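Down below is the structure, laid out as structure tokens.
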Amino acid sequence: MRSSTIHNLLIFVVLTYPIASTAFACPFTAKWNVSIISVVPNDLVVHIKSGGDDLGKNHTIPFVGNYSWSFCDMLGDHILFYGYFWWGSKFQNLYLFNEAISDKFFSDVDIEHCYWFVKPEGFYVNNLPSGGGEFIKGWD
Ligand SMILES: *[C@@H]1O[C@H](CO)[C@@H](O)[C@H](O)[C@H]1NC(C)=O
Ligand SMILES: *[C@@H]1O[C@H](CO)[C@@H](O)[C@H](O)[C@H]1NC(C)=O
Ligand SMILES: *[C@@H]1O[C@H](CO)[C@@H](O)[C@H](O)[C@H]1NC(C)=O
């Protein structure tokens with residue numbers, strides 16, 4: 001097969017997997033699990049979009065609660081996830097998954113992890129669930 005045919009086939013296979021299911025494999029690409037952990041008092045509201053696809057609805061995450069989803073990354077052309085956050089009167093939006101995050105955290109394990117910690121001072125990202133990580137952005 002020509003490589004473009006293989007590429008199209010892979011995209012077909014990848015897109016055929018349900019985005020939010022917990023039990024699925026990614027035979028040709030990395031499987032990622034992105035978690036958002038709220039460390040802000042009171043409810044945090046998040047809306048996640050991927051490319052042109054709006055992943056639907058708002059999620060409300062209580063203090064120390066979390067929301068996570070899994071997906072198969074693309075070969076070469078990484079999947080993008082973008083998040084919109086509301087906390088009381090504060091708002092922020094940022095990339096939750098892109099090529100930079102993939103390059104930074106990819107460690108060739110069964111499930112690659114990316115954890116976002118949303119704190120009163122802003123947004124941190126880490127590949128460990130224990131907290132800390134790199135400060136990315138404050139609130140607007
Ligand atoms: C999500 O929540 C925000 C903040 O409460 C609100 O402004 C927005 O309209 C909501 N979006 C949807 C799709 O419900
Ligand atoms: C997310 O919440 C679940 C249910 O409370 C908990 O078991 C899990 O440890 C939490 N994950 C993180 C990364 O905090
Ligand atoms: C993502 O990983 C966490 C463990 O860090 C797990 O609790 C959660 O269920 C996973 N989410 C999905 C959608 O697989």
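In the structure tokens, each chain is lettered A, B, ... as it comes, each chain's residues begin at 1, and ligands are numbered from 1 in order of appearance.
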Running DSSP on the backbone, which parts of segment 66-107 of chain A land in strand (DSSP E or B), as a ChimeraX atom specification? /A:66-72,81-87,90-97
Kindly assemble as a tab-separated table a list of the chain A residues that lie within 8 Å of ligand 1, each paired with its nearest atom pair and their distance in Å to one decimal, using only C-alpha atoms and all ligand atoms, sorted first by chain and then by ascending residue number.
```
residue	atom	partner	partner_atom_place_in_ligand_line	distance
A:Val45	CA	ligand 1	2 (O)	6.1
A:Val46	CA	ligand 1	1 (C)	7.1
A:His47	CA	ligand 1	1 (C)	6.4
A:Gly56	CA	ligand 1	13 (C)	7.0
A:Lys57	CA	ligand 1	13 (C)	5.2
A:Asn58	CA	ligand 1	1 (C)	5.0
A:His59	CA	ligand 1	1 (C)	7.9
A:Phe85	CA	ligand 1	4 (C)	7.8
A:Trp86	CA	ligand 1	4 (C)	5.6
```
Compute the set of protein, DNA and RNA residues whose minimum atom distance to ligand 3 is at most 6 Å, using only C-alpha atoms and all ligand atoms, and state it as a PDB file with N, CA, C and O atoms, in the first residue's frame.
```pdb
ATOM      1  N   THR A  22     -13.565   4.045  28.323  1.00  0.00           N
ATOM      2  CA  THR A  22     -12.400   3.774  29.167  1.00  0.00           C
ATOM      3  C   THR A  22     -11.625   2.561  28.675  1.00  0.00           C
ATOM      4  O   THR A  22     -10.427   2.501  28.814  1.00  0.00           O
ATOM      5  N   ASN A  33      -4.329   9.744  28.342  1.00  0.00           N
ATOM      6  CA  ASN A  33      -5.356   9.989  29.344  1.00  0.00           C
ATOM      7  C   ASN A  33      -5.054  11.378  29.913  1.00  0.00           C
ATOM      8  O   ASN A  33      -3.985  11.597  30.461  1.00  0.00           O
ATOM      9  N   SER A  68     -11.672  13.223  33.577  1.00  0.00           N
ATOM     10  CA  SER A  68     -10.627  12.711  32.691  1.00  0.00           C
ATOM     11  C   SER A  68     -11.233  12.099  31.446  1.00  0.00           C
ATOM     12  O   SER A  68     -12.409  11.724  31.447  1.00  0.00           O
ATOM     13  N   TRP A  69     -10.437  12.040  30.400  1.00  0.00           N
ATOM     14  CA  TRP A  69     -10.869  11.374  29.180  1.00  0.00           C
ATOM     15  C   TRP A  69      -9.648  10.777  28.503  1.00  0.00           C
ATOM     16  O   TRP A  69      -8.509  11.155  28.789  1.00  0.00           O
ATOM     17  N   SER A  70      -9.900   9.779  27.621  1.00  0.00           N
ATOM     18  CA  SER A  70      -8.811   9.088  26.927  1.00  0.00           C
ATOM     19  C   SER A  70      -9.025   9.174  25.426  1.00  0.00           C
ATOM     20  O   SER A  70     -10.161   9.282  24.964  1.00  0.00           O
TER      21      SER A  70
END
```
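For segment 60-125 of chain A, the set of residues given alpha helix (DSSP H) by DSSP on the backbone reads Glu99, Ala100, Ile101, Ser102, Asp103, Lys104 and Phe105 of chain A.
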Store the residues of this selection in a file with all heavy atoms, as a PDB file, in the first residue's frame.
```
ATOM      1  N   GLU A  99       0.851  19.226  20.509  1.00  0.00           N
ATOM      2  CA  GLU A  99       2.114  18.558  20.198  1.00  0.00           C
ATOM      3  C   GLU A  99       3.174  18.822  21.270  1.00  0.00           C
ATOM      4  O   GLU A  99       3.952  17.932  21.614  1.00  0.00           O
ATOM      5  CB  GLU A  99       2.618  19.027  18.833  1.00  0.00           C
ATOM      6  CG  GLU A  99       3.834  18.265  18.379  1.00  0.00           C
ATOM      7  CD  GLU A  99       4.212  18.565  16.938  1.00  0.00           C
ATOM      8  OE1 GLU A  99       3.482  19.337  16.271  1.00  0.00           O
ATOM      9  OE2 GLU A  99       5.235  18.029  16.490  1.00  0.00           O
ATOM     10  N   ALA A 100       3.214  20.037  21.804  1.00  0.00           N
ATOM     11  CA  ALA A 100       4.211  20.374  22.824  1.00  0.00           C
ATOM     12  C   ALA A 100       4.026  19.494  24.068  1.00  0.00           C
ATOM     13  O   ALA A 100       4.996  18.986  24.636  1.00  0.00           O
ATOM     14  CB  ALA A 100       4.104  21.857  23.186  1.00  0.00           C
ATOM     15  N   ILE A 101       2.774  19.300  24.471  1.00  0.00           N
ATOM     16  CA  ILE A 101       2.501  18.469  25.649  1.00  0.00           C
ATOM     17  C   ILE A 101       2.825  17.018  25.348  1.00  0.00           C
ATOM     18  O   ILE A 101       3.415  16.315  26.171  1.00  0.00           O
ATOM     19  CB  ILE A 101       1.041  18.653  26.090  1.00  0.00           C
ATOM     20  CG1 ILE A 101       0.870  20.048  26.686  1.00  0.00           C
ATOM     21  CG2 ILE A 101       0.628  17.576  27.096  1.00  0.00           C
ATOM     22  CD1 ILE A 101      -0.575  20.464  26.884  1.00  0.00           C
ATOM     23  N   SER A 102       2.452  16.574  24.145  1.00  0.00           N
ATOM     24  CA  SER A 102       2.763  15.202  23.751  1.00  0.00           C
ATOM     25  C   SER A 102       4.274  14.969  23.780  1.00  0.00           C
ATOM     26  O   SER A 102       4.752  13.976  24.330  1.00  0.00           O
ATOM     27  CB  SER A 102       2.192  14.941  22.354  1.00  0.00           C
ATOM     28  OG  SER A 102       2.640  13.715  21.865  1.00  0.00           O
ATOM     29  N   ASP A 103       5.043  15.897  23.206  1.00  0.00           N
ATOM     30  CA  ASP A 103       6.501  15.753  23.175  1.00  0.00           C
ATOM     31  C   ASP A 103       7.094  15.760  24.581  1.00  0.00           C
ATOM     32  O   ASP A 103       8.045  15.036  24.877  1.00  0.00           O
ATOM     33  CB  ASP A 103       7.138  16.897  22.369  1.00  0.00           C
ATOM     34  CG  ASP A 103       6.859  16.753  20.878  1.00  0.00           C
ATOM     35  OD1 ASP A 103       6.359  15.683  20.473  1.00  0.00           O
ATOM     36  OD2 ASP A 103       7.142  17.712  20.136  1.00  0.00           O
ATOM     37  N   LYS A 104       6.518  16.577  25.444  1.00  0.00           N
ATOM     38  CA  LYS A 104       7.053  16.745  26.789  1.00  0.00           C
ATOM     39  C   LYS A 104       6.802  15.508  27.656  1.00  0.00           C
ATOM     40  O   LYS A 104       7.662  15.105  28.428  1.00  0.00           O
ATOM     41  CB  LYS A 104       6.354  17.961  27.396  1.00  0.00           C
ATOM     42  CG  LYS A 104       6.853  18.487  28.702  1.00  0.00           C
ATOM     43  CD  LYS A 104       6.058  19.766  29.009  1.00  0.00           C
ATOM     44  CE  LYS A 104       6.027  20.110  30.469  1.00  0.00           C
ATOM     45  NZ  LYS A 104       7.297  20.605  30.980  1.00  0.00           N
ATOM     46  N   PHE A 105       5.602  14.897  27.520  1.00  0.00           N
ATOM     47  CA  PHE A 105       5.213  13.848  28.459  1.00  0.00           C
ATOM     48  C   PHE A 105       5.260  12.435  27.899  1.00  0.00           C
ATOM     49  O   PHE A 105       5.127  11.476  28.648  1.00  0.00           O
ATOM     50  CB  PHE A 105       3.805  14.119  29.003  1.00  0.00           C
ATOM     51  CG  PHE A 105       3.723  15.312  29.911  1.00  0.00           C
ATOM     52  CD1 PHE A 105       2.559  16.049  30.006  1.00  0.00           C
ATOM     53  CD2 PHE A 105       4.807  15.691  30.685  1.00  0.00           C
ATOM     54  CE1 PHE A 105       2.468  17.145  30.842  1.00  0.00           C
ATOM     55  CE2 PHE A 105       4.735  16.787  31.528  1.00  0.00           C
ATOM     56  CZ  PHE A 105       3.566  17.519  31.602  1.00  0.00           C
TER      57      PHE A 105
END
```
Ligand 2: which residues are within 8 Å, counting only C-alpha atoms and all ligand atoms? Reply as a ChimeraX atom specification. /A:35-37,64-68,115,129-130
What lies within 10 Å of Pro120 of chain A using only C-alpha atoms, ignoring chain neighbours under 3 positions off, as a PyMOL selection string? chain A and resi 38-41+87+90+117+123+138-139
N, CA, C and O atoms of the current selection, written as a PDB file, in the first residue's frame:
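New file out-v2.pdb:
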```
ATOM      1  N   SER A  38      -9.379  19.705  40.003  1.00  0.00           N
ATOM      2  CA  SER A  38      -9.696  21.024  40.547  1.00  0.00           C
ATOM      3  C   SER A  38      -9.148  21.157  41.956  1.00  0.00           C
ATOM      4  O   SER A  38      -9.418  20.318  42.809  1.00  0.00           O
ATOM      5  N   VAL A  39      -8.366  22.202  42.181  1.00  0.00           N
ATOM      6  CA  VAL A  39      -7.883  22.498  43.520  1.00  0.00           C
ATOM      7  C   VAL A  39      -8.339  23.906  43.901  1.00  0.00           C
ATOM      8  O   VAL A  39      -7.685  24.596  44.676  1.00  0.00           O
ATOM      9  N   VAL A  40      -9.456  24.329  43.295  1.00  0.00           N
ATOM     10  CA  VAL A  40     -10.019  25.625  43.668  1.00  0.00           C
ATOM     11  C   VAL A  40     -11.280  25.401  44.493  1.00  0.00           C
ATOM     12  O   VAL A  40     -12.050  24.483  44.222  1.00  0.00           O
ATOM     13  N   PRO A  41     -11.458  26.235  45.550  1.00  0.00           N
ATOM     14  CA  PRO A  41     -12.685  26.125  46.326  1.00  0.00           C
ATOM     15  C   PRO A  41     -13.900  26.460  45.456  1.00  0.00           C
ATOM     16  O   PRO A  41     -13.776  27.269  44.525  1.00  0.00           O
ATOM     17  N   TRP A  87     -14.411  29.864  36.835  1.00  0.00           N
ATOM     18  CA  TRP A  87     -14.339  29.676  38.294  1.00  0.00           C
ATOM     19  C   TRP A  87     -14.844  30.969  38.920  1.00  0.00           C
ATOM     20  O   TRP A  87     -14.135  31.978  38.888  1.00  0.00           O
ATOM     21  N   LYS A  90     -14.032  34.318  37.398  1.00  0.00           N
ATOM     22  CA  LYS A  90     -12.800  34.208  36.597  1.00  0.00           C
ATOM     23  C   LYS A  90     -12.989  33.272  35.408  1.00  0.00           C
ATOM     24  O   LYS A  90     -13.767  32.328  35.453  1.00  0.00           O
ATOM     25  N   PHE A 117      -3.660  20.651  36.916  1.00  0.00           N
ATOM     26  CA  PHE A 117      -4.075  21.063  38.259  1.00  0.00           C
ATOM     27  C   PHE A 117      -4.531  22.505  38.175  1.00  0.00           C
ATOM     28  O   PHE A 117      -3.753  23.387  37.787  1.00  0.00           O
ATOM     29  N   PHE A 123      -2.959  27.563  36.260  1.00  0.00           N
ATOM     30  CA  PHE A 123      -2.976  26.224  35.657  1.00  0.00           C
ATOM     31  C   PHE A 123      -1.575  25.619  35.607  1.00  0.00           C
ATOM     32  O   PHE A 123      -0.640  26.230  35.086  1.00  0.00           O
ATOM     33  N   GLY A 138      -1.959  31.977  34.429  1.00  0.00           N
ATOM     34  CA  GLY A 138      -2.828  32.414  35.512  1.00  0.00           C
ATOM     35  C   GLY A 138      -4.256  32.517  35.003  1.00  0.00           C
ATOM     36  O   GLY A 138      -4.556  32.120  33.880  1.00  0.00           O
ATOM     37  N   TRP A 139      -5.145  33.056  35.846  1.00  0.00           N
ATOM     38  CA  TRP A 139      -6.507  33.357  35.396  1.00  0.00           C
ATOM     39  C   TRP A 139      -6.486  34.698  34.696  1.00  0.00           C
ATOM     40  O   TRP A 139      -5.638  35.536  34.991  1.00  0.00           O
TER      41      TRP A 139
END
```
Just to confirm, what's the straight-line distance from atom CA of Phe81 of chain A to atom CA of Phe97 of chain A in Å (one decimal)? 5.0 Å
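The neighbours of Gly133 of chain A here are the residues that come within 6 Å of it, using only C-alpha atoms and leaving out any residue fewer than 6 positions away in the same chain; they are Tyr124, Val125 and Asn126 of chain A.
If you look at atom CA of Asp73 of chain A and atom CA of Trp116 of chain A, they are 18.0 Å away from each other.
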Using Å and a single decimal, report how far atom CA of Met74 of chain A sits from atom CA of Glu134 of chain A.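 So the answer is 24.7 Å.
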